[in-house]
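Participant: Right, I'll just put the structure down here and ask away after.
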Amino acid sequence: MRKSLFARNPSVLIFLTCLALFTLGVTVLSEAFGTDMISTSFVKTLGKTLCLCLIALAMDLVWGYTGILSLGHFAFFGLGGYMIGMWLMYERTRDIIVTSMANNPIPPTDSEVVAAIGNQIFGVVGSSDFPLIWGFSHSLTLQLILVVAVPGLLALIFGWLAFRSRVTGVYLSILTQAMTLALALYLFQNDSGLRGNNGLSGLQNLPGLDDVPQSVVSIWFLWASALALGLGYIFAAWVVSGKFGSVLRGIRDDEARVRFLGYSVEGYKLFIFTVTAIISAIAGALYYPQAGIINPAEIAPIASIYLAVWVAIGGRGRLYGAVIGAAFVSLVSTWFTGGQVPSIPLGFYTIDWVDWWQVVLGLSFVLVTLFAPKGIGGLFDLISGRTSPNRHGQDLGPGAGSLQEQEAES
Amino acid sequence: MRHILFSLCAAMLLALTLPAMAQTPSGPVQTLLQEHSALIEKASRKTVQPAIDALATSGLPAAQTVLQKWQSKDMWLRKDQDGFFWAEDLGDKQYRLYDFDTDQPVGDYDKKALKQLKPNSGVRALIGVALVQFQLSDPDPIRRQEALTAIKRDSAPAHLAPLRASIEGETDPAIKARKEQLEVLLTLRFDTDDAARVAAIESISKDISLDARAALNSLLTSSIKYAPAETANIAGPVEPGSADLTVEAAYDMMVAENAATALPSAVERKTFLSENIQGGLVGGIPVAQLSTQEARDRAYATLNPTWSADVSKASIVANAPFFRVYAEPSSAVTTAAEKALNSINTRVGFNQSLDLLLDGLSLASIFFLAAIGLAITFGVMGVINMAHGEFIMMGAYTGYVVQQMVPNYTVSILIALPLAFAVTFAAGVAMERLVIRHLYSRPLETLLATFGISIALQQIAKNIFGTQARPLTAPGWLDGAWVLNDVVSISYIRIAIFVLALIFLAVFLFIMNRTRLGLETRAVTQNPRMAASMGINPDRVNMLTFGLGSGIAGIAGVAIGLFAKVTSELGSDYIVQSFMTVVVGGVGNIWGTLAGAAMIGFLQKGIEWGNPSNTLAAQTYMIVFIIIFIQFRPRGIIALKGRAAGD
């Protein structure tokens, strides 16, 4: 008899418990609850971090489990943010316009309202007409569908093209990076219809909820992010735990052999690529209302590489590793770049961490790659005593990972 | 002592005799001026022309001085005697008058006894036109050049005759050519004889210079008119509602010509409605219901029975006669100009494609330069080096630092090139030994580790040099551009980069195919174990090869820094394009990299040309194109075959 998902993966329950306790703790200590121990802006930072954990989870699925180093998942994250941002911005501007027009002697017509909204939103890029892509922005439902559909479709098309022609390994990484760059450059144009490099702003204000203070809204978003992360974690654990997961790991370790065994490698890859793109988009849709602003710089290729950095430092190939990596690195980054870490005076030079944090991050990343490929997650192996066999000597077979001299002798 | 006495006496004598000499001189110019004195003294733009003409055509040597002094309000009269003079201000309201013919002083006068001629601006402009002929035949060639430039900038019909007259006597062949060219341009615009103008137009129908095109375009200026006069030079009918003429504009034009009655716009109707709210009602309709256009129209129609929402401007303007009318009245001239412009445009198009080709070539050589180091490390060795862009940046900063120490730009560039190679070679070797060596079997992790190095290097550069762009100045002999004609030109820096790219290509080919290192590199990359068993040290070869690729990146950095801003982000701007170049061209083959750079360069310029306003869009489409291209040739333009392909 098959054991349940949780029985097979005890880490899922532990993780969910930790997540629930964390969320509860933050809620109790927040301004909204009245204790006022954690400021609203820090609650937002924590909520955003949960979203980053969710996309790190997606990255782990696609890279740690399937071996596709995608440098484009932040593009999907950003697209998700843009999709929800369009609705937020449209509705919010509509509220403002309707309020200001209520004092007019003659009530405005619908087309006048829309024209005024367009003028308000696109004034910064010297336009006033709604581009075609804003066609659904008046409806939350349609725009929520787009959050999933647009990145999903992009990933599907891109993945189909890339996997079909058997672009693998570093080539695929470069190709995904090129896709991200292309998207970012496209969005940087003023006539892209998404306000060029101004991006979408004012997203922290929920339309129709002007009376609710930001402290409460931030807690709502924290809950939503935690819920999404929890569900995402269960989904990811479910995906990787069964036979499907075994095939994914097989593809990571030796794609050609899995193909010879009769599995449709392209299908598996396409599925995981698209699904993780959708997860990323959902994470983005939860992230940007908390950040308040989205612009094309968020999609720049560097962001996607940082995502890989988080997952690598956290430990890829294990779900909690990705979450820990994203939370740890992004929070420590915030701490260092926020200027809260005291500088170190060396006499001849003062190390200001705002300037040197990037250097430390870059170098520690090199060190992790070289000496601790398991990342922070590897520490749990030390605790549980699961260590890999101490391999010495040369590989016997042609590829990496084959039996080595001493193993063969023993 | 005697001398001083003598000169003192002479001075006194002179002072005594001066007033005695002060009679009206009678040189030829003075006579001429006297003849027209009435016109000159009461000069007005309408009447003064005969006087100016008489002076200008007199052929007298002093005529030019007279006109200049007159124009600069420096012509003086005595109140009690006849005669025109120019004056020298002696201070203390005393003026010394000089005769125009002889340039001899006539006498000193108090300002009260004199009258200054102050021609108004219209008269001065007329004098200026008359002066042109003197400037055009001025003995000083610089003055003649200036006169030509002035005429070209602001030409008038009156310039034509003096210009023609001056061509005959011109001695300087360069200026003569300019004069003849300008004469043609003026003829086609201002000559009174249509046949001469048409001939002039035809004579420049092969000239692609901006001047010729501007002159022809000015002949073809046109405007849209409603029902123009029969005699107008009509280019053709215009359809209201087309891109040239909106329905609104057409209707406004008809209203202006009294061919239609003005209709209030939606905004005006709304304003009218809001001014006529009476007790919450407008035209019997409650204000709250006016939130649709239909309701507003109904209310407006109630208040203005003559107005109807059904009157459509489009139907009124639909069959109205709108024509495009040339400002130039002669149809023979406009036809000829149209024809000449067409033939010029064909030539311009040809030259533009030549220019585009040069642009594409230069962009391609930049991409090639940025990618060639990568062609070694990634193409030959298969190592993904995300810090390659930072090596380019290091090269550029090396050039900058050298320029701070060596002020001579030529020398500093000559020092910077080998120094940049040395610096980045060392950095590459260090990186290979410390990091990449341990990751040869894990290419994806090489990517990540080198990326870590890349962000660290970028931040270190930012900490050292700051975020603002640093200048890397090209030596003076690289300034300027090679100008073929008004359309085709290319800057010397770009030519230098092209040459540098060619040199690199040659060096690469030489090292790979003709040296021991190249042989060993190829052996190690194809089969490290077999190479090792042949006595080659793969570690050393990998190290040197990687250093070579990095060093070339450094040199490329100096070259790129010459035309781009040197910032810490310089490298990351090129990294994706560089990888694209290598991947598109085909990994492991320098000709592939060349082909890739050429394709990307030309294509990007081509897309930019099709959509000139937007380089961002060009880059976007370029990348999309590459992604699709990879679908059809996953191994690049020039794919390695057989065992060398590596799988």
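The chains in the structure tokens are called A, B, ... from first to last as shown; in each chain the residues are counted from 1, and the ligands are counted from 1 in the order shown.
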Mind the document's chain letters and residue numbers, and return as a ChimeraX atom specification the residues of stretch 217-405 of chain B that DSSP labels strand (DSSP E).

Facilitator: /B:222-226,234-237,281-282,285-286,322-326

Participant: Suppose we keep N, CA and C atoms; can you now write the selection as a CSV table (one decimal), in the first residue's frame?

Facilitator:
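That gives us result16.csv:
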```
chain,number,residue,atom,x,y,z
B,222,SER,N,4.1,72.2,-50.4
B,222,SER,CA,2.7,72.3,-50.9
B,222,SER,C,1.8,72.3,-49.6
B,223,SER,N,0.5,72.7,-49.9
B,223,SER,CA,-0.4,72.7,-48.8
B,223,SER,C,-1.8,72.2,-49.3
B,224,ILE,N,-2.6,71.8,-48.4
B,224,ILE,CA,-3.9,71.3,-48.8
B,224,ILE,C,-4.9,72.5,-48.8
B,225,LYS,N,-5.6,72.7,-49.9
B,225,LYS,CA,-6.6,73.8,-49.9
B,225,LYS,C,-7.9,73.3,-50.3
B,226,TYR,N,-8.9,74.0,-49.8
B,226,TYR,CA,-10.3,73.7,-50.2
B,226,TYR,C,-10.6,74.5,-51.5
B,234,ILE,N,-1.8,72.6,-59.1
B,234,ILE,CA,-2.3,71.5,-58.3
B,234,ILE,C,-1.5,70.2,-58.4
B,235,ALA,N,-1.2,69.7,-57.3
B,235,ALA,CA,-0.4,68.4,-57.3
B,235,ALA,C,-1.4,67.2,-57.4
B,236,GLY,N,-2.5,67.3,-56.8
B,236,GLY,CA,-3.5,66.2,-56.9
B,236,GLY,C,-4.6,66.4,-55.9
B,237,PRO,N,-5.7,65.6,-56.0
B,237,PRO,CA,-6.8,65.7,-55.1
B,237,PRO,C,-6.4,65.0,-53.8
B,281,LEU,N,-32.4,70.4,-14.3
B,281,LEU,CA,-32.8,69.9,-15.6
B,281,LEU,C,-32.0,70.6,-16.7
B,282,VAL,N,-31.7,69.9,-17.7
B,282,VAL,CA,-31.1,70.5,-18.9
B,282,VAL,C,-32.0,70.1,-20.1
B,285,ILE,N,-34.2,67.3,-19.4
B,285,ILE,CA,-33.7,66.0,-19.0
B,285,ILE,C,-32.9,66.1,-17.7
B,286,PRO,N,-33.1,65.3,-16.7
B,286,PRO,CA,-32.4,65.4,-15.4
B,286,PRO,C,-30.9,65.3,-15.6
B,322,PHE,N,-11.0,69.0,-52.3
B,322,PHE,CA,-9.7,69.3,-51.6
B,322,PHE,C,-8.6,68.9,-52.4
B,323,PHE,N,-7.7,69.8,-52.6
B,323,PHE,CA,-6.5,69.6,-53.4
B,323,PHE,C,-5.2,69.9,-52.7
B,324,ARG,N,-4.2,69.2,-53.1
B,324,ARG,CA,-2.8,69.6,-52.6
B,324,ARG,C,-2.3,70.6,-53.7
B,325,VAL,N,-1.9,71.8,-53.2
B,325,VAL,CA,-1.5,72.8,-54.1
B,325,VAL,C,0.0,73.2,-53.8
B,326,TYR,N,0.8,73.2,-54.9
B,326,TYR,CA,2.2,73.7,-54.7
B,326,TYR,C,2.3,75.1,-54.4
```

Participant: With a distance threshold of 9 Å and counting only C-alpha atoms, extract the residues of chain B near chain A and express them as a PDB file with N, CA and C atoms, in the first residue's frame.

Facilitator:
```
ATOM      1  N   LYS B 270     -20.935  70.047 -24.388  1.00  0.00           N
ATOM      2  CA  LYS B 270     -20.989  69.719 -22.968  1.00  0.00           C
ATOM      3  C   LYS B 270     -20.914  70.996 -22.134  1.00  0.00           C
ATOM      4  N   LEU B 273     -24.188  72.675 -22.260  1.00  0.00           N
ATOM      5  CA  LEU B 273     -25.156  72.007 -21.392  1.00  0.00           C
ATOM      6  C   LEU B 273     -24.923  72.407 -19.940  1.00  0.00           C
ATOM      7  N   SER B 274     -23.656  72.404 -19.520  1.00  0.00           N
ATOM      8  CA  SER B 274     -23.393  72.690 -18.112  1.00  0.00           C
ATOM      9  C   SER B 274     -23.710  74.143 -17.781  1.00  0.00           C
ATOM     10  N   GLU B 275     -23.721  75.013 -18.820  1.00  0.00           N
ATOM     11  CA  GLU B 275     -24.086  76.416 -18.564  1.00  0.00           C
ATOM     12  C   GLU B 275     -25.602  76.606 -18.523  1.00  0.00           C
ATOM     13  N   ILE B 277     -27.917  74.519 -17.023  1.00  0.00           N
ATOM     14  CA  ILE B 277     -28.640  73.689 -16.058  1.00  0.00           C
ATOM     15  C   ILE B 277     -29.639  74.575 -15.325  1.00  0.00           C
ATOM     16  N   VAL B 287     -30.141  66.104 -14.885  1.00  0.00           N
ATOM     17  CA  VAL B 287     -28.689  66.101 -15.048  1.00  0.00           C
ATOM     18  C   VAL B 287     -28.118  64.708 -14.813  1.00  0.00           C
ATOM     19  N   ALA B 288     -28.658  64.009 -13.836  1.00  0.00           N
ATOM     20  CA  ALA B 288     -28.098  62.700 -13.483  1.00  0.00           C
ATOM     21  C   ALA B 288     -28.156  61.713 -14.651  1.00  0.00           C
ATOM     22  N   GLN B 289     -29.075  61.966 -15.582  1.00  0.00           N
ATOM     23  CA  GLN B 289     -29.192  61.027 -16.717  1.00  0.00           C
ATOM     24  C   GLN B 289     -28.235  61.354 -17.863  1.00  0.00           C
ATOM     25  N   LEU B 290     -27.476  62.439 -17.706  1.00  0.00           N
ATOM     26  CA  LEU B 290     -26.639  62.870 -18.823  1.00  0.00           C
ATOM     27  C   LEU B 290     -25.310  62.107 -18.891  1.00  0.00           C
ATOM     28  N   SER B 291     -25.280  60.919 -18.369  1.00  0.00           N
ATOM     29  CA  SER B 291     -24.010  60.188 -18.379  1.00  0.00           C
ATOM     30  C   SER B 291     -23.844  59.341 -19.637  1.00  0.00           C
ATOM     31  N   THR B 292     -24.720  59.527 -20.617  1.00  0.00           N
ATOM     32  CA  THR B 292     -24.479  58.880 -21.917  1.00  0.00           C
ATOM     33  C   THR B 292     -24.480  59.945 -22.997  1.00  0.00           C
ATOM     34  N   GLN B 293     -23.748  59.688 -24.062  1.00  0.00           N
ATOM     35  CA  GLN B 293     -23.657  60.648 -25.151  1.00  0.00           C
ATOM     36  C   GLN B 293     -25.027  60.863 -25.777  1.00  0.00           C
ATOM     37  N   ILE B 384      31.979  28.144 -19.873  1.00  0.00           N
ATOM     38  CA  ILE B 384      31.108  29.313 -19.857  1.00  0.00           C
ATOM     39  C   ILE B 384      31.703  30.319 -18.896  1.00  0.00           C
ATOM     40  N   VAL B 435      39.288  28.564  -9.776  1.00  0.00           N
ATOM     41  CA  VAL B 435      37.872  28.195  -9.816  1.00  0.00           C
ATOM     42  C   VAL B 435      37.555  27.197 -10.929  1.00  0.00           C
ATOM     43  N   HIS B 438      38.404  23.343 -11.175  1.00  0.00           N
ATOM     44  CA  HIS B 438      37.705  22.358 -10.352  1.00  0.00           C
ATOM     45  C   HIS B 438      36.325  22.037 -10.877  1.00  0.00           C
ATOM     46  N   LEU B 439      35.898  22.757 -11.899  1.00  0.00           N
ATOM     47  CA  LEU B 439      34.507  22.605 -12.334  1.00  0.00           C
ATOM     48  C   LEU B 439      34.390  22.150 -13.781  1.00  0.00           C
ATOM     49  N   SER B 441      34.024  19.378 -15.099  1.00  0.00           N
ATOM     50  CA  SER B 441      32.998  18.374 -15.373  1.00  0.00           C
ATOM     51  C   SER B 441      31.609  18.877 -15.048  1.00  0.00           C
ATOM     52  N   ARG B 442      31.502  20.102 -14.549  1.00  0.00           N
ATOM     53  CA  ARG B 442      30.182  20.613 -14.165  1.00  0.00           C
ATOM     54  C   ARG B 442      29.947  21.966 -14.840  1.00  0.00           C
ATOM     55  N   PRO B 443      29.631  21.960 -16.115  1.00  0.00           N
ATOM     56  CA  PRO B 443      29.548  23.231 -16.860  1.00  0.00           C
ATOM     57  C   PRO B 443      28.529  24.212 -16.296  1.00  0.00           C
ATOM     58  N   LEU B 444      27.376  23.707 -15.832  1.00  0.00           N
ATOM     59  CA  LEU B 444      26.366  24.627 -15.317  1.00  0.00           C
ATOM     60  C   LEU B 444      26.896  25.367 -14.103  1.00  0.00           C
ATOM     61  N   GLU B 445      27.698  24.658 -13.309  1.00  0.00           N
ATOM     62  CA  GLU B 445      28.208  25.314 -12.111  1.00  0.00           C
ATOM     63  C   GLU B 445      29.337  26.273 -12.437  1.00  0.00           C
ATOM     64  N   THR B 446      30.047  26.000 -13.541  1.00  0.00           N
ATOM     65  CA  THR B 446      31.027  26.992 -13.999  1.00  0.00           C
ATOM     66  C   THR B 446      30.310  28.298 -14.281  1.00  0.00           C
ATOM     67  N   LEU B 447      29.167  28.169 -14.942  1.00  0.00           N
ATOM     68  CA  LEU B 447      28.366  29.357 -15.256  1.00  0.00           C
ATOM     69  C   LEU B 447      28.070  30.148 -13.988  1.00  0.00           C
ATOM     70  N   LEU B 448      27.619  29.424 -12.946  1.00  0.00           N
ATOM     71  CA  LEU B 448      27.223  30.120 -11.725  1.00  0.00           C
ATOM     72  C   LEU B 448      28.429  30.700 -10.994  1.00  0.00           C
ATOM     73  N   ALA B 449      29.500  29.913 -10.920  1.00  0.00           N
ATOM     74  CA  ALA B 449      30.680  30.395 -10.197  1.00  0.00           C
ATOM     75  C   ALA B 449      31.256  31.626 -10.885  1.00  0.00           C
ATOM     76  N   THR B 450      31.365  31.563 -12.207  1.00  0.00           N
ATOM     77  CA  THR B 450      31.915  32.727 -12.914  1.00  0.00           C
ATOM     78  C   THR B 450      30.964  33.908 -12.810  1.00  0.00           C
ATOM     79  N   PHE B 451      29.678  33.609 -12.669  1.00  0.00           N
ATOM     80  CA  PHE B 451      28.757  34.718 -12.464  1.00  0.00           C
ATOM     81  C   PHE B 451      29.015  35.382 -11.116  1.00  0.00           C
ATOM     82  N   GLY B 452      29.298  34.540 -10.096  1.00  0.00           N
ATOM     83  CA  GLY B 452      29.637  35.104  -8.793  1.00  0.00           C
ATOM     84  C   GLY B 452      30.842  36.017  -8.902  1.00  0.00           C
ATOM     85  N   ILE B 453      31.856  35.563  -9.650  1.00  0.00           N
ATOM     86  CA  ILE B 453      33.045  36.396  -9.844  1.00  0.00           C
ATOM     87  C   ILE B 453      32.666  37.679 -10.572  1.00  0.00           C
ATOM     88  N   SER B 454      31.758  37.529 -11.542  1.00  0.00           N
ATOM     89  CA  SER B 454      31.343  38.688 -12.326  1.00  0.00           C
ATOM     90  C   SER B 454      30.719  39.766 -11.443  1.00  0.00           C
ATOM     91  N   ILE B 455      29.787  39.375 -10.534  1.00  0.00           N
ATOM     92  CA  ILE B 455      29.166  40.432  -9.716  1.00  0.00           C
ATOM     93  C   ILE B 455      30.172  41.004  -8.726  1.00  0.00           C
ATOM     94  N   ALA B 456      31.096  40.160  -8.248  1.00  0.00           N
ATOM     95  CA  ALA B 456      32.113  40.682  -7.326  1.00  0.00           C
ATOM     96  C   ALA B 456      33.003  41.691  -8.049  1.00  0.00           C
ATOM     97  N   LEU B 457      33.476  41.332  -9.253  1.00  0.00           N
ATOM     98  CA  LEU B 457      34.358  42.238 -10.010  1.00  0.00           C
ATOM     99  C   LEU B 457      33.644  43.543 -10.333  1.00  0.00           C
ATOM    100  N   GLN B 458      32.360  43.415 -10.716  1.00  0.00           N
ATOM    101  CA  GLN B 458      31.608  44.617 -11.069  1.00  0.00           C
ATOM    102  C   GLN B 458      31.522  45.564  -9.881  1.00  0.00           C
ATOM    103  N   GLN B 459      31.232  44.982  -8.710  1.00  0.00           N
ATOM    104  CA  GLN B 459      31.082  45.818  -7.527  1.00  0.00           C
ATOM    105  C   GLN B 459      32.423  46.417  -7.116  1.00  0.00           C
ATOM    106  N   ILE B 460      33.503  45.624  -7.270  1.00  0.00           N
ATOM    107  CA  ILE B 460      34.825  46.154  -6.923  1.00  0.00           C
ATOM    108  C   ILE B 460      35.154  47.341  -7.831  1.00  0.00           C
ATOM    109  N   LYS B 462      33.059  49.265  -9.230  1.00  0.00           N
ATOM    110  CA  LYS B 462      32.198  50.363  -8.798  1.00  0.00           C
ATOM    111  C   LYS B 462      32.786  51.045  -7.577  1.00  0.00           C
ATOM    112  N   ASN B 463      33.334  50.236  -6.649  1.00  0.00           N
ATOM    113  CA  ASN B 463      33.899  50.812  -5.430  1.00  0.00           C
ATOM    114  C   ASN B 463      35.151  51.625  -5.727  1.00  0.00           C
ATOM    115  N   VAL B 576      25.614  39.157 -23.115  1.00  0.00           N
ATOM    116  CA  VAL B 576      24.597  38.315 -23.750  1.00  0.00           C
ATOM    117  C   VAL B 576      24.795  38.300 -25.269  1.00  0.00           C
ATOM    118  N   GLN B 577      25.062  39.497 -25.829  1.00  0.00           N
ATOM    119  CA  GLN B 577      25.296  39.557 -27.275  1.00  0.00           C
ATOM    120  C   GLN B 577      26.508  38.719 -27.665  1.00  0.00           C
ATOM    121  N   PHE B 579      27.718  36.019 -26.167  1.00  0.00           N
ATOM    122  CA  PHE B 579      27.369  34.598 -26.154  1.00  0.00           C
ATOM    123  C   PHE B 579      26.507  34.249 -27.362  1.00  0.00           C
ATOM    124  N   MET B 580      25.572  35.173 -27.662  1.00  0.00           N
ATOM    125  CA  MET B 580      24.712  34.955 -28.819  1.00  0.00           C
ATOM    126  C   MET B 580      25.546  34.825 -30.095  1.00  0.00           C
ATOM    127  N   VAL B 583      27.188  31.451 -30.085  1.00  0.00           N
ATOM    128  CA  VAL B 583      26.235  30.353 -30.249  1.00  0.00           C
ATOM    129  C   VAL B 583      25.646  30.359 -31.656  1.00  0.00           C
ATOM    130  N   ASN B 614      13.923  53.450 -32.744  1.00  0.00           N
ATOM    131  CA  ASN B 614      13.932  52.602 -31.569  1.00  0.00           C
ATOM    132  C   ASN B 614      15.007  51.533 -31.601  1.00  0.00           C
ATOM    133  N   LEU B 616      15.987  49.965 -28.908  1.00  0.00           N
ATOM    134  CA  LEU B 616      15.541  48.938 -27.965  1.00  0.00           C
ATOM    135  C   LEU B 616      14.737  47.881 -28.706  1.00  0.00           C
ATOM    136  N   ALA B 617      13.813  48.347 -29.541  1.00  0.00           N
ATOM    137  CA  ALA B 617      12.985  47.412 -30.286  1.00  0.00           C
ATOM    138  C   ALA B 617      13.858  46.561 -31.193  1.00  0.00           C
ATOM    139  N   GLN B 619      16.905  45.631 -30.721  1.00  0.00           N
ATOM    140  CA  GLN B 619      17.567  44.585 -29.939  1.00  0.00           C
ATOM    141  C   GLN B 619      16.591  43.480 -29.572  1.00  0.00           C
ATOM    142  N   THR B 620      15.361  43.893 -29.203  1.00  0.00           N
ATOM    143  CA  THR B 620      14.363  42.895 -28.845  1.00  0.00           C
ATOM    144  C   THR B 620      14.118  41.933 -30.000  1.00  0.00           C
ATOM    145  N   TYR B 621      13.823  42.521 -31.173  1.00  0.00           N
ATOM    146  CA  TYR B 621      13.510  41.664 -32.322  1.00  0.00           C
ATOM    147  C   TYR B 621      14.703  40.801 -32.691  1.00  0.00           C
ATOM    148  N   MET B 622      15.894  41.409 -32.514  1.00  0.00           N
ATOM    149  CA  MET B 622      17.120  40.673 -32.811  1.00  0.00           C
ATOM    150  C   MET B 622      17.192  39.394 -31.975  1.00  0.00           C
ATOM    151  N   ILE B 623      16.945  39.539 -30.668  1.00  0.00           N
ATOM    152  CA  ILE B 623      17.057  38.374 -29.783  1.00  0.00           C
ATOM    153  C   ILE B 623      15.974  37.362 -30.116  1.00  0.00           C
ATOM    154  N   VAL B 624      14.769  37.861 -30.362  1.00  0.00           N
ATOM    155  CA  VAL B 624      13.695  36.938 -30.732  1.00  0.00           C
ATOM    156  C   VAL B 624      14.085  36.177 -31.997  1.00  0.00           C
ATOM    157  N   ILE B 626      17.071  35.494 -32.970  1.00  0.00           N
ATOM    158  CA  ILE B 626      18.124  34.511 -32.661  1.00  0.00           C
ATOM    159  C   ILE B 626      17.510  33.264 -32.038  1.00  0.00           C
ATOM    160  N   ILE B 627      16.551  33.481 -31.119  1.00  0.00           N
ATOM    161  CA  ILE B 627      15.922  32.327 -30.466  1.00  0.00           C
ATOM    162  C   ILE B 627      15.274  31.438 -31.519  1.00  0.00           C
ATOM    163  N   ILE B 628      14.624  32.067 -32.492  1.00  0.00           N
ATOM    164  CA  ILE B 628      13.980  31.260 -33.537  1.00  0.00           C
ATOM    165  C   ILE B 628      15.025  30.625 -34.450  1.00  0.00           C
ATOM    166  N   ILE B 630      17.963  29.621 -33.652  1.00  0.00           N
ATOM    167  CA  ILE B 630      18.560  28.458 -32.977  1.00  0.00           C
ATOM    168  C   ILE B 630      17.689  27.221 -33.188  1.00  0.00           C
ATOM    169  N   GLN B 631      16.375  27.442 -33.373  1.00  0.00           N
ATOM    170  CA  GLN B 631      15.488  26.300 -33.611  1.00  0.00           C
ATOM    171  C   GLN B 631      15.890  25.538 -34.870  1.00  0.00           C
ATOM    172  N   PHE B 632      16.297  26.303 -35.873  1.00  0.00           N
ATOM    173  CA  PHE B 632      16.533  25.662 -37.162  1.00  0.00           C
ATOM    174  C   PHE B 632      17.984  25.235 -37.330  1.00  0.00           C
ATOM    175  N   ARG B 633      18.873  25.959 -36.690  1.00  0.00           N
ATOM    176  CA  ARG B 633      20.276  25.535 -36.728  1.00  0.00           C
ATOM    177  C   ARG B 633      20.802  25.525 -35.305  1.00  0.00           C
ATOM    178  N   PRO B 634      20.443  24.506 -34.536  1.00  0.00           N
ATOM    179  CA  PRO B 634      20.816  24.501 -33.119  1.00  0.00           C
ATOM    180  C   PRO B 634      22.322  24.573 -32.920  1.00  0.00           C
TER     181      PRO B 634
END
```

Participant: Find the residues near stretch 126-130 of chain B: any atom within 12 Å, counting only C-alpha atoms, skip ones fewer than 4 places away on the same chain, and give them as a PyMOL selection string.

Facilitator: chain B and resi 40+43-58+63-73+119-122+134-136+147+150-151+154-163

Participant: May I have the selected residues written with C-alpha atoms, as a compact mmCIF listing (two decimals), in the first residue's frame?

Facilitator:
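selection_9.txt, freshly written:
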```txt
# COMPACT_ATOMS: atom_id res chain seq x y z
CA ILE B 40 19.67 109.02 -50.01
CA ALA B 43 15.81 106.90 -47.81
CA SER B 44 12.84 104.59 -47.70
CA ARG B 45 12.67 100.98 -48.76
CA LYS B 46 10.29 101.75 -51.60
CA THR B 47 12.19 104.56 -53.24
CA VAL B 48 15.86 104.11 -52.52
CA GLN B 49 16.56 101.32 -54.98
CA PRO B 50 17.68 103.56 -57.93
CA ALA B 51 20.28 105.23 -55.75
CA ILE B 52 21.66 101.91 -54.53
CA ASP B 53 21.68 100.52 -58.04
CA ALA B 54 23.48 103.55 -59.34
CA LEU B 55 26.16 103.11 -56.71
CA ALA B 56 26.43 99.36 -57.09
CA THR B 57 26.70 99.43 -60.86
CA SER B 58 28.93 102.50 -61.04
CA ALA B 63 31.29 102.48 -54.10
CA GLN B 64 31.72 99.53 -51.74
CA THR B 65 33.00 101.76 -48.94
CA VAL B 66 30.08 104.09 -49.43
CA LEU B 67 27.57 101.28 -49.20
CA GLN B 68 29.24 99.74 -46.16
CA LYS B 69 29.43 103.06 -44.32
CA TRP B 70 25.87 103.85 -45.25
CA GLN B 71 24.67 100.48 -44.05
CA SER B 72 26.55 100.79 -40.77
CA LYS B 73 25.02 104.27 -40.16
CA PRO B 119 18.77 104.18 -42.81
CA ASN B 120 16.02 101.92 -41.47
CA SER B 121 16.35 98.14 -41.47
CA GLY B 122 14.52 97.75 -44.80
CA PHE B 134 31.32 93.37 -53.81
CA GLN B 135 31.88 90.62 -51.26
CA LEU B 136 31.64 88.00 -53.98
CA ALA B 147 29.63 85.69 -48.66
CA ALA B 150 25.73 83.77 -46.09
CA ILE B 151 23.87 83.57 -49.39
CA ASP B 154 19.57 82.98 -46.44
CA SER B 155 19.11 83.24 -50.16
CA ALA B 156 17.05 85.91 -51.88
CA PRO B 157 16.16 86.40 -55.55
CA ALA B 158 18.32 89.51 -55.68
CA HIS B 159 21.47 87.47 -55.02
CA LEU B 160 21.21 85.72 -58.33
CA ALA B 161 22.43 88.54 -60.63
CA PRO B 162 25.53 89.54 -58.62
CA LEU B 163 26.42 85.87 -58.13
```

Participant: With the cut-off set at 6 Å and counting only C-alpha atoms, tabulate each residue of stretch 139-229 of chain B with an atom at most that distance from an atom of stretch 340-346 of chain B, showing the nearest atom pair and its distance in Å to one decimal, ordered by chain and increasing number, as JSON lines.

Facilitator:
```
{"residue": "B:Ser205", "atom": "CA", "partner": "B:Ala340", "partner_atom": "CA", "distance": 4.5}
{"residue": "B:Lys206", "atom": "CA", "partner": "B:Ile344", "partner_atom": "CA", "distance": 5.8}
{"residue": "B:Ile208", "atom": "CA", "partner": "B:Ile344", "partner_atom": "CA", "distance": 5.8}
```

Participant: Considering only C-alpha atoms, return as a list in words whatever protein or nucleic-acid residues lie within 10 Å of B:Thr581, sequence-local ones (same chain, fewer than 6 positions apart) excluded.

Facilitator: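 Contacts, in chain order: Ala364, Phe367, Phe368, Ala370, Ala371, Ile372, Leu374, Ala375, Ile575, Val587, Gly592, Thr593, Leu594, Ala595, Gly596, Ala597, Ala598, Met599, Ile600, Gly601, Ile626 and Gly636 of chain B.
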